[in-house]
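*Asks:* Got a file for you: coords-v1.pdb, PDB, C-alpha atoms.
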```pdb
MODEL        1
ATOM      1  CA  MET C1198      24.155 -32.322   1.928
ATOM      2  CA  ARG C1199      27.326 -32.678  -0.111
ATOM      3  CA  HIS C1200      30.014 -30.004   0.120
ATOM      4  CA  PHE C1201      31.954 -28.514  -2.798
ATOM      5  CA  ASP C1202      34.680 -25.954  -3.422
ATOM      6  CA  VAL C1203      34.768 -24.649  -6.995
ATOM      7  CA  ASP C1204      38.567 -24.311  -6.900
ATOM      8  CA  THR C1205      38.919 -28.088  -6.393
ATOM      9  CA  LEU C1206      36.446 -29.140  -9.123
ATOM     10  CA  THR C1207      38.112 -30.407 -12.315
ATOM     11  CA  PRO C1208      37.468 -28.102 -15.298
ATOM     12  CA  GLY C1209      36.372 -29.621 -18.602
ATOM     13  CA  ARG C1210      37.003 -27.555 -21.776
ATOM     14  CA  TRP C1211      34.079 -26.774 -24.057
ATOM     15  CA  ARG C1212      34.084 -28.384 -27.485
ATOM     16  CA  ASN C1213      34.238 -24.936 -29.125
ATOM     17  CA  GLY C1214      37.168 -23.860 -26.911
ATOM     18  CA  GLY C1215      35.289 -20.810 -25.606
ATOM     19  CA  GLY C1216      35.306 -21.808 -21.960
ATOM     20  CA  ALA C1217      35.472 -24.496 -19.306
ATOM     21  CA  THR C1218      32.891 -26.066 -17.006
ATOM     22  CA  ARG C1219      33.321 -27.293 -13.442
ATOM     23  CA  GLU C1220      30.456 -29.630 -12.621
ATOM     24  CA  ILE C1221      28.980 -29.372  -9.121
ATOM     25  CA  ALA C1222      26.306 -32.053  -9.541
ATOM     26  CA  SER C1223      24.442 -33.936 -12.257
ATOM     27  CA  ARG C1224      21.413 -36.017 -11.341
ATOM     28  CA  SER C1225      20.561 -38.752 -11.933
ATOM     29  CA  ALA C1226      24.142 -39.919 -11.623
ATOM     30  CA  GLY C1227      25.330 -42.445 -14.186
ATOM     31  CA  THR C1228      22.719 -41.546 -16.802
ATOM     32  CA  GLU C1229      23.465 -39.801 -20.075
ATOM     33  CA  GLU C1230      20.337 -37.614 -19.961
ATOM     34  CA  PHE C1231      20.453 -35.564 -16.755
ATOM     35  CA  GLY C1232      17.315 -34.542 -14.862
ATOM     36  CA  TRP C1233      19.092 -31.526 -13.386
ATOM     37  CA  ARG C1234      22.629 -30.246 -13.474
ATOM     38  CA  ALA C1235      24.610 -27.526 -11.687
ATOM     39  CA  SER C1236      27.989 -26.200 -12.775
ATOM     40  CA  VAL C1237      30.245 -23.186 -12.779
ATOM     41  CA  ALA C1238      31.425 -22.046 -16.212
ATOM     42  CA  ASP C1239      34.381 -19.853 -17.052
ATOM     43  CA  ILE C1240      33.632 -18.089 -20.345
ATOM     44  CA  ASP C1241      36.903 -17.094 -22.020
ATOM     45  CA  ARG C1242      35.802 -15.574 -25.330
ATOM     46  CA  ASP C1243      32.905 -14.647 -27.587
ATOM     47  CA  GLY C1244      31.125 -17.498 -29.352
ATOM     48  CA  PRO C1245      28.126 -19.818 -29.520
ATOM     49  CA  PHE C1246      26.466 -21.488 -26.528
ATOM     50  CA  SER C1247      25.427 -25.107 -26.997
ATOM     51  CA  ALA C1248      21.681 -25.684 -27.324
ATOM     52  CA  PHE C1249      20.068 -28.120 -24.856
ATOM     53  CA  PRO C1250      16.666 -29.131 -26.280
ATOM     54  CA  GLY C1251      14.048 -29.822 -23.605
ATOM     55  CA  VAL C1252      16.091 -28.076 -20.893
ATOM     56  CA  ASP C1253      15.433 -24.833 -18.990
ATOM     57  CA  ARG C1254      18.528 -22.907 -17.916
ATOM     58  CA  THR C1255      19.342 -20.225 -15.374
ATOM     59  CA  LEU C1256      22.666 -18.363 -15.591
ATOM     60  CA  THR C1257      23.958 -16.104 -12.838
ATOM     61  CA  LEU C1258      27.072 -13.956 -13.164
ATOM     62  CA  LEU C1259      29.581 -14.733 -10.400
ATOM     63  CA  ALA C1260      32.688 -12.793 -11.464
ATOM     64  CA  GLY C1261      33.867 -10.578 -14.308
ATOM     65  CA  HIS C1262      32.237  -7.679 -16.088
ATOM     66  CA  GLY C1263      29.434  -9.580 -17.734
ATOM     67  CA  VAL C1264      28.256 -11.563 -20.705
ATOM     68  CA  ARG C1265      25.758 -10.548 -23.394
ATOM     69  CA  LEU C1266      23.519 -13.429 -24.472
ATOM     70  CA  SER C1267      21.620 -13.085 -27.727
ATOM     71  CA  CYS C1268      19.333 -15.092 -29.945
ATOM     72  CA  PRO C1269      18.427 -13.106 -33.093
ATOM     73  CA  GLY C1270      14.744 -12.194 -33.171
ATOM     74  CA  VAL C1271      14.120 -13.617 -29.666
ATOM     75  CA  PHE C1272      16.127 -11.666 -27.065
ATOM     76  CA  GLU C1273      19.356  -9.960 -26.147
ATOM     77  CA  ARG C1274      20.380  -9.660 -22.500
ATOM     78  CA  LEU C1275      23.500  -8.327 -20.814
ATOM     79  CA  LEU C1276      24.225 -10.083 -17.524
ATOM     80  CA  SER C1277      26.316  -7.421 -15.799
ATOM     81  CA  ARG C1278      25.374  -7.630 -12.105
ATOM     82  CA  ALA C1279      26.854 -10.439 -10.031
ATOM     83  CA  GLY C1280      24.237 -12.539  -8.268
ATOM     84  CA  GLU C1281      21.339 -11.642 -10.593
ATOM     85  CA  PRO C1282      19.835 -14.829 -12.171
ATOM     86  CA  PHE C1283      18.562 -14.974 -15.753
ATOM     87  CA  ALA C1284      16.313 -17.862 -16.896
ATOM     88  CA  PHE C1285      15.869 -18.923 -20.536
ATOM     89  CA  SER C1286      15.071 -21.936 -22.710
ATOM     90  CA  GLY C1287      17.967 -24.260 -23.489
ATOM     91  CA  ASP C1288      16.297 -24.942 -26.854
ATOM     92  CA  LEU C1289      17.676 -21.636 -28.145
ATOM     93  CA  ALA C1290      20.923 -21.390 -30.071
ATOM     94  CA  LEU C1291      22.586 -18.478 -28.270
ATOM     95  CA  SER C1292      25.655 -16.399 -28.883
ATOM     96  CA  ALA C1293      27.730 -15.040 -26.019
ATOM     97  CA  GLU C1294      29.732 -11.822 -26.185
ATOM     98  CA  LEU C1295      32.150 -10.675 -23.491
ATOM     99  CA  PRO C1296      32.176  -6.859 -23.654
ATOM    100  CA  SER C1297      34.923  -6.496 -21.004
ATOM    101  CA  GLY C1298      36.778  -9.806 -20.841
ATOM    102  CA  PRO C1299      36.296 -13.284 -19.342
ATOM    103  CA  CYS C1300      33.645 -14.032 -16.732
ATOM    104  CA  ARG C1301      32.389 -16.819 -14.489
ATOM    105  CA  VAL C1302      28.736 -17.932 -14.205
ATOM    106  CA  LEU C1303      26.671 -20.393 -12.202
ATOM    107  CA  ASN C1304      24.684 -22.560 -14.625
ATOM    108  CA  ILE C1305      21.607 -24.470 -13.420
ATOM    109  CA  MET C1306      19.880 -26.719 -15.980
ATOM    110  CA  VAL C1307      16.677 -28.725 -15.461
ATOM    111  CA  ARG C1308      14.915 -31.180 -17.757
ATOM    112  CA  ARG C1309      11.591 -29.527 -18.676
ATOM    113  CA  GLY C1310       8.552 -31.521 -17.554
ATOM    114  CA  ARG C1311      10.562 -33.342 -14.865
ATOM    115  CA  TRP C1312      12.054 -30.483 -12.818
ATOM    116  CA  THR C1313      11.666 -26.742 -12.312
ATOM    117  CA  THR C1314      14.075 -24.368 -10.629
ATOM    118  CA  ARG C1315      14.096 -20.994  -8.958
ATOM    119  CA  VAL C1316      17.443 -19.310  -8.365
ATOM    120  CA  GLU C1317      17.606 -16.386  -5.966
ATOM    121  CA  ARG C1318      20.153 -14.333  -4.090
ATOM    122  CA  VAL C1319      19.799 -14.788  -0.316
ATOM    123  CA  ALA C1320      21.250 -13.188   2.806
ATOM    124  CA  GLY C1321      19.350 -15.114   5.497
ATOM    125  CA  ARG C1322      19.053 -18.711   6.638
ATOM    126  CA  VAL C1323      18.027 -21.252   3.992
ATOM    127  CA  VAL C1324      16.298 -24.540   4.809
ATOM    128  CA  PRO C1325      15.728 -26.744   1.746
ATOM    129  CA  PRO C1326      12.119 -27.940   1.506
ATOM    130  CA  VAL C1327      11.679 -31.695   1.963
ATOM    131  CA  GLY C1328      11.410 -33.421  -1.429
ATOM    132  CA  HIS C1329      13.367 -30.704  -3.255
ATOM    133  CA  ALA C1330      16.923 -30.896  -4.602
ATOM    134  CA  GLY C1331      19.198 -27.899  -4.910
ATOM    135  CA  VAL C1332      22.451 -26.014  -4.749
ATOM    136  CA  PHE C1333      23.668 -23.354  -2.318
ATOM    137  CA  TYR C1334      26.643 -21.278  -3.576
ATOM    138  CA  VAL C1335      28.389 -18.699  -1.355
ATOM    139  CA  LEU C1336      29.002 -15.322  -3.011
ATOM    140  CA  ARG C1337      30.372 -13.414   0.024
ATOM    141  CA  GLY C1338      30.923 -13.751   3.722
ATOM    142  CA  ARG C1339      30.833 -16.871   5.866
ATOM    143  CA  TRP C1340      28.022 -19.421   6.223
ATOM    144  CA  GLN C1341      27.588 -22.523   8.380
ATOM    145  CA  THR C1342      25.874 -25.777   7.491
ATOM    146  CA  GLY C1343      23.511 -27.133  10.122
ATOM    147  CA  GLU C1344      24.233 -30.817   9.750
ATOM    148  CA  ASP C1345      27.966 -30.780  10.451
ATOM    149  CA  GLY C1346      28.740 -27.183  11.408
ATOM    150  CA  ARG C1347      31.131 -26.727   8.494
ATOM    151  CA  VAL C1348      31.928 -23.102   7.660
ATOM    152  CA  LEU C1349      31.659 -22.089   3.990
ATOM    153  CA  ALA C1350      33.319 -19.130   2.239
ATOM    154  CA  SER C1351      33.113 -17.556  -1.230
ATOM    155  CA  GLY C1352      33.199 -20.148  -4.026
ATOM    156  CA  GLN C1353      32.108 -22.956  -1.721
ATOM    157  CA  GLY C1354      28.723 -24.474  -1.088
ATOM    158  CA  VAL C1355      26.539 -27.529  -0.713
ATOM    159  CA  TRP C1356      24.119 -29.447  -2.895
ATOM    160  CA  TRP C1357      21.483 -32.039  -2.046
ATOM    161  CA  ASP C1358      19.165 -34.553  -3.700
ATOM    162  CA  ASP C1359      15.389 -34.564  -3.458
ATOM    163  CA  ASP C1360      15.617 -37.454  -0.991
ATOM    164  CA  ASN C1361      17.475 -35.333   1.599
ATOM    165  CA  PRO C1362      15.535 -36.012   4.810
ATOM    166  CA  SER C1363      17.616 -33.874   7.182
ATOM    167  CA  GLY C1364      15.746 -30.587   6.958
ATOM    168  CA  GLU C1365      19.000 -28.922   8.027
ATOM    169  CA  GLY C1366      19.805 -25.506   6.648
ATOM    170  CA  VAL C1367      22.620 -23.086   5.981
ATOM    171  CA  THR C1368      22.988 -20.012   8.220
ATOM    172  CA  PRO C1369      24.919 -16.751   7.632
ATOM    173  CA  LEU C1370      27.739 -16.066  10.100
ATOM    174  CA  SER C1371      28.887 -12.651   8.916
ATOM    175  CA  PRO C1372      26.977  -9.417   8.196
ATOM    176  CA  ASP C1373      28.228  -9.308   4.581
ATOM    177  CA  ALA C1374      26.970 -12.845   3.825
ATOM    178  CA  SER C1375      25.201 -13.419   0.507
ATOM    179  CA  ALA C1376      24.680 -16.566  -1.518
ATOM    180  CA  LEU C1377      22.774 -18.098  -4.413
ATOM    181  CA  TRP C1378      20.139 -20.703  -3.668
ATOM    182  CA  ALA C1379      18.886 -22.861  -6.530
ATOM    183  CA  ASP C1380      15.730 -24.650  -5.370
ATOM    184  CA  VAL C1381      15.163 -27.584  -7.754
ATOM    185  CA  THR C1382      11.659 -29.061  -7.562
ATOM    186  CA  PRO C1383      10.451 -32.327  -9.108
ATOM    187  CA  THR C1384       7.298 -31.997 -11.213
ATOM    188  CA  GLU C1385       6.477 -35.710 -11.411
TER
ENDMDL
END
```
Using the file provided, produce a representation of the structure as structure tokens.

*Replies:*
Amino acid sequence: MRHFDVDTLTPGRWRNGGGATREIASRSAGTEEFGWRASVADIDRDGPFSAFPGVDRTLTLLAGHGVRLSCPGVFERLLSRAGEPFAFSGDLALSAELPSGPCRVLNIMVRRGRWTTRVERVAGRVVPPVGHAGVFYVLRGRWQTGEDGRVLASGQGVWWDDDNPSGEGVTPLSPDASALWADVTPTE
């Protein structure tokens, strides 16, 4: 497992100027076409979302009062509850509207046909299945990693590759603990 703290990840501005992305992980490393990618995005203003053909995406609101995603004739969805994942096709050209100001989201992207993902809010111990990759992001409370005993707080987490043999998990330490777990499964 590899540790991260969102506050120490370098932000990269979007080409359209509407936000910034802090990359947690992109696999396979060193290749232009990722198999799966995890990042935290700060959305600063209304505008278009980039399309990612052949990619499935899951966005989860982390902070702020929400973002409305729309694709005319396909769907419109207001993400207004922190920790509630929303999955959609990256093929779609979406528009984002911020009804009450800037927000922060967790963005999980997987290459369709090579990976699938399930993102869920958890409050109990998580043990990544052998052969799966993934990301664990702390929303509230304190958590402890099993491999090294490191304590994690809000905005921190761990990620792992599908070759992670440890079988170690992450355990809540406080009664208010909640986190997001993105289980990324290879399909090949």

*Asks:* Need to verify the contact set: stretch 1364-1373 of chain C, 10 Å, all atoms listed in the file, exclusion of same-chain residues closer than 4 positions in sequence. Can you return it as a ChimeraX atom specification?

*Replies:* /C:1198,1319-1328,1333,1335-1349,1354-1355

*Asks:* Please determine, counting all atoms listed in the file, which residue among C:Arg1224, C:Arg1210, C:Arg1274, C:His1262 has the shortest atom-to-atom distance to C:Asp1360.

*Replies:* C:Arg1224

*Asks:* Measure the distance from atom CA of C:Gly1310 to atom CA of C:Leu1275 in Å and round it to one decimal.

*Replies:*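 Between atom CA of C:Gly1310 and atom CA of C:Leu1275 the gap is 27.8 Å.
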
*Asks:* Might you spell out which residues the PyMOL selection byres ((chain C and resi 1380) around 9) would select in the displayed file, as an NGL selection string?

*Replies:* :C and (1313-1317 or 1325-1326 or 1329-1333 or 1378-1379 or 1381-1382)

*Asks:* Nearest to C:Asn1213 among C:Phe1246, C:Ser1292, C:Ser1225, C:Val1237, with distances taken over only C-alpha atoms: which residue is it?

*Replies:* C:Phe1246

*Asks:* Decode the PyMOL selection byres ((chain C and resi 1269) around 12) for the given file into explicit residues and return them as a list in words.

*Replies:*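 Answer for the PyMOL selection byres ((chain C and resi 1269) around 12): Leu1266, Ser1267, Cys1268, Gly1270, Val1271, Phe1272, Glu1273, Arg1274, Leu1289, Ala1290, Leu1291, Ser1292 and Ala1293 of chain C.
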
*Asks:* Just give me the gap between atom CA of C:Pro1299 and atom CA of C:Phe1283 in Å, one decimal is fine.

*Replies:* 18.2 Å

*Asks:* When you count all atoms listed in the file, which of these residues is closest to C:Ile1305: C:Arg1219, C:Arg1265, C:Arg1212, C:Arg1234?

*Replies:*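 Among C:Arg1219, C:Arg1265, C:Arg1212, C:Arg1234, it is C:Arg1234 that comes nearest to C:Ile1305.
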
*Asks:* Find the residues near C:Ser1277: any atom within 10 Å, counting all atoms listed in the file, skip ones fewer than 2 places away on the same chain, and give them as JSON, numbers by chain.

*Replies:* {"C": [1257, 1258, 1259, 1260, 1261, 1262, 1263, 1264, 1265, 1274, 1275, 1279, 1280, 1281, 1296, 1300]}

*Asks:* Between atom CA of C:Phe1201 and atom CA of C:Ser1351, what is the distance, to one decimal in Å?

*Replies:*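 About the pair atom CA of C:Phe1201 and atom CA of C:Ser1351: they are 11.1 Å apart.
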
*Asks:* Could you check the closest approach to C:Ala1238 for each of C:Asn1304, C:Thr1205, C:Ser1223, C:Thr1255 and tell me which residue wins, using only C-alpha atoms?

*Replies:*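 Ranked by minimum distance to C:Ala1238, first place goes to C:Asn1304.
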
*Asks:* Could you check the closest approach to C:Val1252 for each of C:Arg1311, C:Leu1303, C:Asp1239, C:Ser1297 and tell me which residue wins, using only C-alpha atoms?

*Replies:*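 Nearest candidate to C:Val1252 out of C:Arg1311, C:Leu1303, C:Asp1239, C:Ser1297: C:Arg1311.
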
*Asks:* How big is the axis-aligned box around the listed atoms of stretch 1324-1337 of chain C once 8 Å is added on each side, and where is its centre? Give both in Å to one decimal, as lines of an AutoDock Vina configuration file.

*Replies:*
```
center_x = 20.9
center_y = -23.4
center_z = -0.1
size_x = 35.0
size_y = 36.0
size_z = 25.7
```

*Asks:* Which residues are close to C:Ala1222, i.e. within 9 Å by only C-alpha atoms, leaving aside same-chain residues fewer than 5 positions away? Reply as a PDB file with C-alpha atoms, in the frame of the given file.

*Replies:*
```
ATOM      1  CA  TRP C1233      19.092 -31.526 -13.386  1.00  0.00           C
ATOM      2  CA  ARG C1234      22.629 -30.246 -13.474  1.00  0.00           C
ATOM      3  CA  ALA C1235      24.610 -27.526 -11.687  1.00  0.00           C
ATOM      4  CA  SER C1236      27.989 -26.200 -12.775  1.00  0.00           C
ATOM      5  CA  VAL C1332      22.451 -26.014  -4.749  1.00  0.00           C
ATOM      6  CA  TRP C1356      24.119 -29.447  -2.895  1.00  0.00           C
ATOM      7  CA  TRP C1357      21.483 -32.039  -2.046  1.00  0.00           C
TER       8      TRP C1357
END
```

*Asks:* Ranking C:Ala1374, C:Val1302, C:Ile1240, C:Ala1350 by minimum distance to C:Arg1318 and counting only C-alpha atoms, which one comes first?

*Replies:*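 When distances to C:Arg1318 are compared using only C-alpha atoms, the smallest one comes from C:Ala1374.
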
*Asks:* Given the point (35.3, -30.2, -19.7) in the file's coordinates, find the residues that have an atom at most 8 Å from it, counting only C-alpha atoms, and give them as an MDAnalysis selection string.

*Replies:* chainID C and resid 1207:1211 1217:1219

*Asks:* Residue by residue, what does the PyMOL selection byres ((chain C and resi 1284) around 8) grab here? Present the result as a PyMOL selection string.

*Replies:* chain C and resi 1253-1256+1282-1283+1285-1286
